[in-house]
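> Handing you this structure, nothing more for now.
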There are 4 protein chains.
Amino acid sequence: MKAIVVTSKEVGARIKEINDAENYGEVKIRALYNGVCGTDREIVNGRRIGITMPPGKQETVLGHEALGVVEEGNDYFKKGDLVMPVNRRPCNKDINCLAGRPDFCETGEFVETGIVGADGFMREFWLDSPRFLIKVPHELEDIAILAQPLADIEKSVEEILNVQRRLIWTCNDGTLDCRKVLILGTGPIGTLFSLVLKSYQFDVWFVNRRELNTEEQTVVDTAGLNFFNSSRGYDELISKVEGFDLIIDTTGAEAEILNPTFRMLKRNGVLGLFGFPHTGIVSMHANDVQNFVLNANVIVGLVNGQKPHYQQALLHLAAWKTIWPKITSSLITRTVRIEDPDSVLNVLSKKEPGEIKVRIEWK
Amino acid sequence: MKAIVVTSKEVGARIKEINDAENYGEVKIRALYNGVCGTDREIVNGRRIGITMPPGKQETVLGHEALGVVEEGNDYFKKGDLVMPVNRRPCNKDINCLAGRPDFCETGEFVETGIVGADGFMREFWLDSPRFLIKVPHELEDIAILAQPLADIEKSVEEILNVQRRLIWTCNDGTLDCRKVLILGTGPIGTLFSLVLKSYQFDVWFVNRRELNTEEQTVVDTAGLNFFNSSRGYDELISKVEGFDLIIDTTGAEAEILNPTFRMLKRNGVLGLFGFPHTGIVSMHANDVQNFVLNANVIVGLVNGQKPHYQQALLHLAAWKTIWPKITSSLITRTVRIEDPDSVLNVLSKKEPGEIKVRIEWK
Amino acid sequence: MKAIVVTSKEVGARIKEINDAENYGEVKIRALYNGVCGTDREIVNGRRIGITMPPGKQETVLGHEALGVVEEGNDYFKKGDLVMPVNRRPCNKDINCLAGRPDFCETGEFVETGIVGADGFMREFWLDSPRFLIKVPHELEDIAILAQPLADIEKSVEEILNVQRRLIWTCNDGTLDCRKVLILGTGPIGTLFSLVLKSYQFDVWFVNRRELNTEEQTVVDTAGLNFFNSSRGYDELISKVEGFDLIIDTTGAEAEILNPTFRMLKRNGVLGLFGFPHTGIVSMHANDVQNFVLNANVIVGLVNGQKPHYQQALLHLAAWKTIWPKITSSLITRTVRIEDPDSVLNVLSKKEPGEIKVRIEWK
Amino acid sequence: MKAIVVTSKEVGARIKEINDAENYGEVKIRALYNGVCGTDREIVNGRRIGITMPPGKQETVLGHEALGVVEEGNDYFKKGDLVMPVNRRPCNKDINCLAGRPDFCETGEFVETGIVGADGFMREFWLDSPRFLIKVPHELEDIAILAQPLADIEKSVEEILNVQRRLIWTCNDGTLDCRKVLILGTGPIGTLFSLVLKSYQFDVWFVNRRELNTEEQTVVDTAGLNFFNSSRGYDELISKVEGFDLIIDTTGAEAEILNPTFRMLKRNGVLGLFGFPHTGIVSMHANDVQNFVLNANVIVGLVNGQKPHYQQALLHLAAWKTIWPKITSSLITRTVRIEDPDSVLNVLSKKEPGEIKVRIEWK
């Protein structure tokens with residue numbers, strides 16, 4: 001069958017016929033769409049560190065975001081059902097993996113399809129285990145591919161809410177609507193974070209060092225978000241808002257971007273790290289540390305959504321399609337067909353301006 | 001303004017002009033719809049026990065389910081916004097009420113608009129506090145009135161999930177999809193429970209002592225539920241399913257209906273009581289008690305959704321409108337206009353066959 | 001070696017030489033004490049239902065309460081260390097068992113040493129796994145045998161606190177000292193429950209149908225408990241206390257004893273079932289069920305402490321030895337030596353008046 | 001009455017007669033002991049930033065650690081009872097303060113007796129509210145003064161356990177005994193942390209840049225702790241232990257001491273900040289941040305124990321007195337009498353070598 005593969009020796013992806021890709025179970029799935037993300041491009045461009053091939057192989061199928069249709073199933077996953085696979089798979093050696101939560105794997109021996117030690121889903125067919133499949137309503141076929149990146153965000157919010165069970169974090173009406181969130185970055189991840197947090201009723205502030213473009217402005221207006229241009233620092237924002245109960249970094253920019261955030265955290269506030277800064281140093285002065293302790297602040301690293309988070313992501317996508325159709329119709333910014341290999345290889349190697357989610361169509 | 005009122009002296013509701021109804025805050029709201037439920041009918045028919053008038057009054061405005069539009073608001077609730085009020089209001093004497101959770105009020109001194117000690121919302125206008133208002137997306141105007149009864153169910157499911165934090169209740173894929181639920185009763189409450197629990201990914205079994213009618217069958221088929229006719233007992237069901245992790249009684253029938261449920265609870269299973277049996281006795285034999293203890297079972301009384309549960313209800317309604325449009329379009333079974341007083345008084349006094357939700361329109 | 005055994009064919013226990021008892025790991029333990037409890041006597045007297053022999057055997061070593069000394073150990077359990085074994089052992093098929101919590105086993109395939117399918121500890125030596133051993137401070141050698149029954153109670157309290165996480169159950173000073181507990185039964189289990197709950201700062205009420213004897217009065221006075229004689233019903237108590245946030249049944253008497261408890265539960269209150277009634281029927285009238293639902297009450301079955309609960313039990317015993325020495329010195333009511341077989345067989349067949357804990361000494 | 005006071009104008013403490021100190025309730029308490037801690041000395045030496053006087057005053061009574069005896073009480077706190085006061089008092093404006101948890105105060109408007117805006121307890125008598133008093137068993141009179149600093153640590157451990165509810169943190173035997181903790185600093189706080197964490201069954205590693213002195217070695221041997229001398233870095237430790245599930249900084253030294261800790265955190269591990277570094281900068285390189293995110297690590301600021309934590313502290317002290325008498329008898333390193341003003345003023349101005357807890361006796 002046709003597949004998109006990368007090798008451990010050469011930079012770049014290739015579309016080719018393969019016949020020995022890894023399978024994971026008894027449900028046969030035909031690919032409909034693959035999502036493309038920054039990790040795929042890092043792999044294709046040879047900038048991702050660490051061996052990513054399956055054991056004993058020098059080539060692997062790319063792709064960890066997929067939507068497919070069941071060709072041969074079981075009592076629960078029936079022929080014709082839409083399904084998505086979970087990409088991180090448990091080591092089954094520690095209790096969190098046994099509980100289906102390799103996002104908290106303790107051994108580090110999990111695999112990630114298309115990324116770490118296991119073949120991915122950019123191929124016509126694969127066999128998978130029901131344990132790692134999520135059923136997708138047909139009504140969401142057009143946007144369901146977003147559920148994979150969205151799952152990471154759903155997991156992040158679940159984790160933050162669990163961390164805050166150390167105190168009473170709900171407001172005097174039992175909700176979260178008095179809690180202010182600052183999201184650093186208005187890219188795809190920042191956008192999805194803002195929509196999820198708004199769905200949890202947070203008061204969401206979006207920040208970037210420039211004005212919003214038209215598409216971003218539509219998101220802000222439709223979902224009832226706030227925006228602040230931080231090109232001249234945060235002083236004006238702080239004077240207006242006083243501080244934030246939650247700050248999320250989605251930028252993956254220089255580490256220094258985090259330095260001003262410590263002063264913007266309210267008592268009991270949380271700084272969630274989602275992006276991976278590639279350069280720089282976070283500097284926390286003794287004075288920042290003192291305030292951090294006195295204010296009972298928390299910093300938490302946020303990584304990897306699992307099956308329950310895909311389910312929550314699909315629930316949110318379904319709800320947004322009803323209440324924010326203008327947003328959901330704009331999140332898939334480009335679709336390229338596998339029959340058009342130049343476009344496929346092109347989207348796999350570089351991000352386009354304004355991109356939120358690009359997908360490859362196999363139908 | 002026009003209002004629907006009941007008095008402490010006479011049975012029956014009246015539509016009349018009033019000018020001194022209670023208000024609760026600074027946001028002025030014009031009524032769009034009121035929902036009608038069994039409690040309204042009990043009050044109208046004089047079968048509800050306990051004084052329900054506001055302090056010092058002998059007449060009260062009926063209605064605890066309402067959807068309105070803001071006429072005069074504030075920075076958050078703006079003119080033209082759709083809003084719903086919460087019906088139970090805190091005593092603010094105990095910590096749960098102060099935390100916006102009068103569903104766990106300890107003093108019993110809460111009020112319930114249109115039911116216990118406070119004027120309700122079956123009137124052209126009222127003033128309310130932002131603390132008790134929920135913003136409703138315009139895209140949900142057609143079905144939002146369902147959020148009030150649905151909130152009670154959302155709270156129930158939240159509470160059951162909290163109770164089960166005593167153990168690891170998620171399955172080996174981190175989800176709840178291996179957990180089997182039995183719902184006693186296929187009426188409006190049973191139907192809404194099944195949809196909520198299915199949205200949490202439970203394996204839902206619906207039970208009634210007769211075959212399903214066409215509308216019920218549509219719900220079962222669309223949402224992927226299971227149905228069992230219990231007219232000849234539960235033996236066949238038990239042989240098929242072994243037991244249930246959760247059983248919910250929504251019938252409000254004779255208490256004896258609960259007797260066979262003890263034998264159907266799996267280890268660590270929960271029996272949730274939502275309905276109010278009016279007659280009969282639950283009999284739990286010493287042997288049932290022994291098994292209940294050995295199996296670490298729980299029985300929990302489920303009552304009253306609050307503001308966070310209205311929010312969750314609206315999220316579910318929005319999602320269902322996308323994925324189960326056949327169901328959401330069938331849940332409002334009748335709308336009567338306030339200009340048609342005979343129909344209004346009629347729906348307030350008796351339930352119609354096949355009714356799920358009846359509403360009164362004020363527009 | 002010498003052991004106390006029971007067989008599947010005959011009633012009664014025998015002290016005899018055996019050489020093929022089951023072992024569970026690599027740590028060799030020499031017995032110091034065994035505790036005797038009601039379950040042992042049920043087995044000895046042939047009144048316990050269900051097969052209790054290890055697989056393929058017609059004889060089993062009795063005893064699930066033991067304190068021993070390590071003869072041959074490992075880096076953590078060193079020669080000379082005092083240790084206790086956990087009696088229920090996981091099936092390792094479900095996630096709770098894998099997590100070391102067979103108290104929430106889902107398969108029912110756990111074993112219980114000396115009770116269900118596994119040899120017990122009334123023998124000179126056994127080999128055990130570190131996973132099932134608890135280290136005991138030498139300073140507690142005299143009373144540590146109490147940690148086994150106490151562990152069941154520690155688990156019960158942990159579970160009740162987890163169940164009550166459905167609301168804010170702490171008082172306005174952050175503690176539990178405003179919460180009133182009623183304990184039915186002043187026997188050994190009732191006594192231990194009262195001490196544990198008092199250590200969690202509950203306001204504890206002890207109830208029996210007669211006046212307290214001298215030993216019971218000492219416990220009440222020393223630990224600051226309250227006592228009520230219920231021989232003429234509960235009316236006087238209710239008029240004084242209004243209601244209870246927690247009621248625990250430890251009696252194992254007729255099921256009818258539970259009937260009046262429903263009316264004594266406060267809003268959000270919990271009824272914990274620990275005892276196993278052998279006869280009778282609990283009758284919950286429709287009216288009781290309505291109040292149970294409206295008051296958001298819970299009934300929970302409480303069973304089996306595990307390793308973390310033995311640890312908590314030992315912590316409590318150590319603390320009580322400092323603050324309540326009069327109580328701890330009176331809890332072991334009799335010690336019989338294995339060299340005195342008549343006394344051993346006697347305590348294994350019947351309970352003595354005033355008994356709290358009887359133990360068999362092997363030293 | 002006699003009191004130890006400080007003023008806003010002059011450095012140093014004075015012992016003098018006062019007659020208008022603040023009171024907080026109806027229970028009259030006579031002082032037995034005051035503990036002296038680093039905060040007292042900062043105030044006395046004029047090195048504490050921020051106004052600390054009660055409203056409208058230029059002088060305040062020092063002292064936030066106290067043990068007293070009830071002179072005039074109520075039904076619960078009776079004449080002759082030993083009691084301790086909680087030092088931080090709620091603002092009662094936010095929900096956490098209303099719930100008795102001003103350790104999570106959101107307004108910052110709490111007061112701290114003897115420190116921030118309220119008179120302290122270094123005086124012969126004061127009146128206090130039952131809400132802020134903890135009953136102390138007479139058997140703990142000799143060491144109960146430790147419960148105040150210990151309460152801060154109990155709160156810290158409670159909070160860490162709550163934060164880790166984001167995953168399954170217990171081991172395969174249901175306990176915490178597989179979790180490794182590194183404690184930076186072997187001073188009084190480090191010592192108390194190690195004893196509390198050992199009581200929770202953690203595997204505790206103590207670290208200092210020098211060898212232990214005799215007293216410290218006694219603690220390590222008695223409580224079964226591990227020790228590592230970090231004067232030549234952590235490489236040897238890491239090669240032995242692999243990493244830590246929890247690292248606690250108690251040093252309050254230069255911020256740089258935290259830099260190597262990021263590399264020592266295991267997956268899902270937590271860094272707890274308890275000390276207040278006075279100088280320096282924590283530097284977290286982009287690479288550290290990436291690992292922090294990928295490993296789902298957490299940093300949490302730990303501050304202020306409240307009433308439930310005093311109760312837990314007293315429980316631990318009672319248990320330790322039984323199992324670790326060598327340790328508990330060595331924790332009070334000096335007692336000075338109020339009749340000896342030179343010694344009192346001396347201990348209030350500087351710390352002595354080997355000091356764990358110094359107290360002032362009023363009897």
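Every chain in the structure tokens has a letter given in the order shown (A, B, ...), and although residue numbers restart at 1 in each chain, ligands are simply numbered from 1 in the order shown.
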What residues in chain A lie within 12 Å of chain C, counting only C-alpha atoms, written as a ChimeraX atom specification?
/A:92-101,165-168,170,174
> Those residues you just picked out, can you put them in a file as a CSV table (one decimal), in the first residue's frame with all heavy atoms?

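And here is the file that came out, out.csv:
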```
chain,number,residue,atom,x,y,z
A,92,ASN,N,2.9,-0.3,29.7
A,92,ASN,CA,2.2,-1.4,30.5
A,92,ASN,C,3.1,-1.9,31.6
A,92,ASN,O,2.9,-3.1,32.1
A,92,ASN,CB,1.6,-2.5,29.6
A,92,ASN,CG,0.4,-2.0,28.9
A,92,ASN,OD1,-0.3,-1.1,29.4
A,92,ASN,ND2,0.1,-2.6,27.8
A,93,LYS,N,4.1,-1.2,32.0
A,93,LYS,CA,5.0,-1.6,33.1
A,93,LYS,C,4.6,-0.9,34.4
A,93,LYS,O,4.9,-1.4,35.5
A,93,LYS,CB,6.4,-1.5,32.8
A,93,LYS,CG,6.9,-2.4,31.7
A,93,LYS,CD,8.4,-2.2,31.4
A,93,LYS,CE,8.8,-3.1,30.2
A,93,LYS,NZ,10.2,-2.8,29.8
A,94,ASP,N,4.1,0.3,34.3
A,94,ASP,CA,3.8,1.1,35.5
A,94,ASP,C,2.3,1.2,35.6
A,94,ASP,O,1.6,1.0,34.6
A,94,ASP,CB,4.5,2.4,35.6
A,94,ASP,CG,4.1,3.3,34.4
A,94,ASP,OD1,3.1,4.0,34.6
A,94,ASP,OD2,4.8,3.3,33.4
A,95,ILE,N,1.9,1.7,36.8
A,95,ILE,CA,0.4,1.6,37.1
A,95,ILE,C,-0.3,2.7,36.2
A,95,ILE,O,-1.5,2.4,35.8
A,95,ILE,CB,0.1,1.9,38.6
A,95,ILE,CG1,-1.3,1.6,38.9
A,95,ILE,CG2,0.5,3.2,39.0
A,95,ILE,CD1,-1.7,0.1,38.8
A,96,ASN,N,0.3,3.8,35.9
A,96,ASN,CA,-0.4,4.8,35.0
A,96,ASN,C,-0.6,4.2,33.6
A,96,ASN,O,-1.7,4.4,33.0
A,96,ASN,CB,0.3,6.1,35.1
A,96,ASN,CG,0.1,6.8,36.4
A,96,ASN,OD1,-1.0,7.3,36.7
A,96,ASN,ND2,1.1,6.9,37.2
A,97,CYS,N,0.4,3.6,33.1
A,97,CYS,CA,0.2,3.0,31.8
A,97,CYS,C,-0.8,1.9,31.8
A,97,CYS,O,-1.7,1.8,30.9
A,97,CYS,CB,1.6,2.4,31.3
A,97,CYS,SG,2.6,3.7,30.5
A,98,LEU,N,-0.8,1.0,32.8
A,98,LEU,CA,-1.8,0.0,32.9
A,98,LEU,C,-3.2,0.6,33.0
A,98,LEU,O,-4.2,0.0,32.6
A,98,LEU,CB,-1.5,-0.9,34.2
A,98,LEU,CG,-0.3,-1.8,34.0
A,98,LEU,CD1,0.1,-2.3,35.4
A,98,LEU,CD2,-0.6,-2.9,33.1
A,99,ALA,N,-3.3,1.8,33.6
A,99,ALA,CA,-4.6,2.4,33.7
A,99,ALA,C,-4.9,3.2,32.5
A,99,ALA,O,-5.9,4.0,32.5
A,99,ALA,CB,-4.6,3.4,34.9
A,100,GLY,N,-4.2,3.0,31.4
A,100,GLY,CA,-4.5,3.7,30.1
A,100,GLY,C,-4.1,5.2,30.1
A,100,GLY,O,-4.6,6.0,29.4
A,101,ARG,N,-3.1,5.5,31.0
A,101,ARG,CA,-2.7,6.9,31.0
A,101,ARG,C,-1.1,7.0,30.8
A,101,ARG,O,-0.4,7.5,31.7
A,101,ARG,CB,-3.1,7.5,32.4
A,101,ARG,CG,-4.6,7.7,32.5
A,101,ARG,CD,-5.2,8.6,31.5
A,101,ARG,NE,-4.7,9.9,31.6
A,101,ARG,CZ,-5.2,10.9,32.3
A,101,ARG,NH1,-6.4,10.7,33.0
A,101,ARG,NH2,-4.7,12.1,32.3
A,165,ARG,N,-7.3,21.3,42.8
A,165,ARG,CA,-8.1,20.7,43.9
A,165,ARG,C,-7.4,20.8,45.3
A,165,ARG,O,-7.9,20.4,46.3
A,165,ARG,CB,-8.3,19.2,43.6
A,165,ARG,CG,-9.4,19.0,42.6
A,165,ARG,CD,-9.6,17.5,42.2
A,165,ARG,NE,-10.8,17.3,41.4
A,165,ARG,CZ,-11.9,16.8,41.9
A,165,ARG,NH1,-12.0,16.3,43.1
A,165,ARG,NH2,-13.0,16.7,41.1
A,166,ARG,N,-6.1,21.3,45.2
A,166,ARG,CA,-5.4,21.6,46.5
A,166,ARG,C,-6.2,22.7,47.3
A,166,ARG,O,-5.9,22.9,48.5
A,166,ARG,CB,-4.0,22.0,46.2
A,166,ARG,CG,-3.9,23.3,45.4
A,166,ARG,CD,-2.5,23.4,44.8
A,166,ARG,NE,-2.5,24.6,44.0
A,166,ARG,CZ,-1.8,25.7,44.3
A,166,ARG,NH1,-0.9,25.8,45.3
A,166,ARG,NH2,-1.8,26.8,43.5
A,167,LEU,N,-7.1,23.5,46.6
A,167,LEU,CA,-7.8,24.5,47.3
A,167,LEU,C,-9.2,24.6,46.7
A,167,LEU,O,-9.6,23.7,45.9
A,167,LEU,CB,-7.1,25.9,47.1
A,167,LEU,CG,-6.7,26.3,45.7
A,167,LEU,CD1,-7.9,26.9,44.9
A,167,LEU,CD2,-5.6,27.4,45.8
A,168,ILE,N,-10.1,25.5,47.1
A,168,ILE,CA,-11.4,25.7,46.5
A,168,ILE,C,-11.1,26.7,45.4
A,168,ILE,O,-10.8,27.9,45.6
A,168,ILE,CB,-12.4,26.3,47.5
A,168,ILE,CG1,-12.5,25.3,48.7
A,168,ILE,CG2,-13.8,26.4,46.8
A,168,ILE,CD1,-13.4,25.8,49.8
A,170,THR,N,-13.2,27.1,42.6
A,170,THR,CA,-14.5,27.6,42.0
A,170,THR,C,-14.9,28.9,42.6
A,170,THR,O,-14.5,29.2,43.8
A,170,THR,CB,-15.6,26.6,42.1
A,170,THR,OG1,-15.6,26.0,43.4
A,170,THR,CG2,-15.4,25.4,41.1
A,174,GLY,N,-20.0,28.7,42.1
A,174,GLY,CA,-19.8,27.3,41.8
A,174,GLY,C,-19.1,27.1,40.5
A,174,GLY,O,-18.7,26.0,40.2
```
> Would you pick out the contacts of B:Ala147 at 10 Å or less, using only C-alpha atoms, so that residues sharing its chain but fewer than 4 positions from it are not included, and give the list as a list in words?
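With the cut-off at 10 Å, the set is Gly35, Glu65, Ala66, Leu67, Met84, Val136, Ile143, Ala151, Asp152, Ile153, Glu154, Gly305, His309, Tyr310, Gln311, Gln312, Ala313, Leu314, Leu315, His316 and Leu317 of chain B.
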> Could you pull out the residues in stretch 135-353 of chain D that DSSP calls strand (DSSP E) from the backbone, as a PyMOL selection string?
chain D and resi 135-136+180-184+203-208+226-229+244-249+265-273+281-285+298-301+332-337
> As a VMD selection string, which residues of stretch 167-197 of chain A does DSSP assign to helix (DSSP H, G or I)?
chain A and resid 188 to 197
> Can I get the selected residues back with N, CA, C and O atoms, as an mmCIF file, in the first residue's frame?

```cif
data_model
loop_
_atom_site.group_PDB
_atom_site.id
_atom_site.type_symbol
_atom_site.label_atom_id
_atom_site.label_comp_id
_atom_site.auth_asym_id
_atom_site.auth_seq_id
_atom_site.Cartn_x
_atom_site.Cartn_y
_atom_site.Cartn_z
ATOM 1 N N PRO A 188 -2.006 28.187 16.387
ATOM 2 C CA PRO A 188 -3.025 27.133 16.476
ATOM 3 C C PRO A 188 -3.227 26.636 17.901
ATOM 4 O O PRO A 188 -4.371 26.488 18.348
ATOM 5 N N ILE A 189 -2.124 26.383 18.622
ATOM 6 C CA ILE A 189 -2.269 25.851 19.982
ATOM 7 C C ILE A 189 -2.907 26.892 20.898
ATOM 8 O O ILE A 189 -3.811 26.589 21.687
ATOM 9 N N GLY A 190 -2.457 28.130 20.791
ATOM 10 C CA GLY A 190 -3.047 29.191 21.605
ATOM 11 C C GLY A 190 -4.533 29.339 21.318
ATOM 12 O O GLY A 190 -5.351 29.503 22.229
ATOM 13 N N THR A 191 -4.875 29.274 20.029
ATOM 14 C CA THR A 191 -6.289 29.391 19.644
ATOM 15 C C THR A 191 -7.122 28.263 20.247
ATOM 16 O O THR A 191 -8.174 28.495 20.853
ATOM 17 N N LEU A 192 -6.639 27.035 20.112
ATOM 18 C CA LEU A 192 -7.402 25.903 20.650
ATOM 19 C C LEU A 192 -7.493 25.971 22.176
ATOM 20 O O LEU A 192 -8.534 25.683 22.763
ATOM 21 N N PHE A 193 -6.393 26.359 22.827
ATOM 22 C CA PHE A 193 -6.425 26.532 24.276
ATOM 23 C C PHE A 193 -7.498 27.544 24.679
ATOM 24 O O PHE A 193 -8.255 27.343 25.632
ATOM 25 N N SER A 194 -7.555 28.651 23.957
ATOM 26 C CA SER A 194 -8.516 29.690 24.340
ATOM 27 C C SER A 194 -9.942 29.191 24.198
ATOM 28 O O SER A 194 -10.807 29.485 25.028
ATOM 29 N N LEU A 195 -10.196 28.377 23.159
ATOM 30 C CA LEU A 195 -11.561 27.874 22.960
ATOM 31 C C LEU A 195 -11.940 26.856 24.039
ATOM 32 O O LEU A 195 -13.066 26.858 24.547
ATOM 33 N N VAL A 196 -11.001 25.999 24.398
ATOM 34 C CA VAL A 196 -11.275 25.008 25.445
ATOM 35 C C VAL A 196 -11.512 25.711 26.776
ATOM 36 O O VAL A 196 -12.482 25.425 27.489
ATOM 37 N N LEU A 197 -10.625 26.650 27.111
ATOM 38 C CA LEU A 197 -10.764 27.323 28.410
ATOM 39 C C LEU A 197 -12.033 28.164 28.465
ATOM 40 O O LEU A 197 -12.686 28.253 29.509
#
```
> Nearest to D:Glu339: which of D:Glu361, D:Pro149, D:Pro353, D:Val5 is it, counting only C-alpha atoms?
D:Glu361
> Please, what distance in Å, to one decimal, runs between atom CA of A:Glu159 and atom CA of A:Ile49?
27.2 Å
> For a test of reading the model, state the distance in Å between atom CA of D:Glu242 and atom CA of D:Arg267, rounded to one decimal.
11.1 Å
> Any idea what the distance is between atom CA of D:Val220 and atom CA of D:Phe206?
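Separation of atom CA of D:Val220 and atom CA of D:Phe206: 8.3 Å.
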> Can you pull out every residue within 7 Å of B:Asn87, counting only C-alpha atoms, but drop anything in the same chain fewer than 3 positions away, and send it as a PyMOL selection string?
chain B and resi 64+112-113
> Store the residues picked out above, limited to N, CA, C and O atoms, as a short mmCIF file (atom, residue, chain, number, x, y, z; two decimals), in the first residue's frame.

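Wrote it out as again-v8.cif, contents follow:
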```cif
data_model
loop_
_atom_site.label_atom_id
_atom_site.label_comp_id
_atom_site.auth_asym_id
_atom_site.auth_seq_id
_atom_site.Cartn_x
_atom_site.Cartn_y
_atom_site.Cartn_z
N HIS B 64 -39.91 27.71 37.51
CA HIS B 64 -38.49 27.66 37.88
C HIS B 64 -37.61 27.33 36.68
O HIS B 64 -36.41 27.27 36.80
N GLU B 112 -36.24 28.22 46.57
CA GLU B 112 -36.33 27.76 45.19
C GLU B 112 -37.39 28.60 44.50
O GLU B 112 -38.57 28.54 44.87
N THR B 113 -36.96 29.34 43.51
CA THR B 113 -37.87 30.25 42.81
C THR B 113 -39.04 29.46 42.22
O THR B 113 -38.86 28.46 41.55
#
```
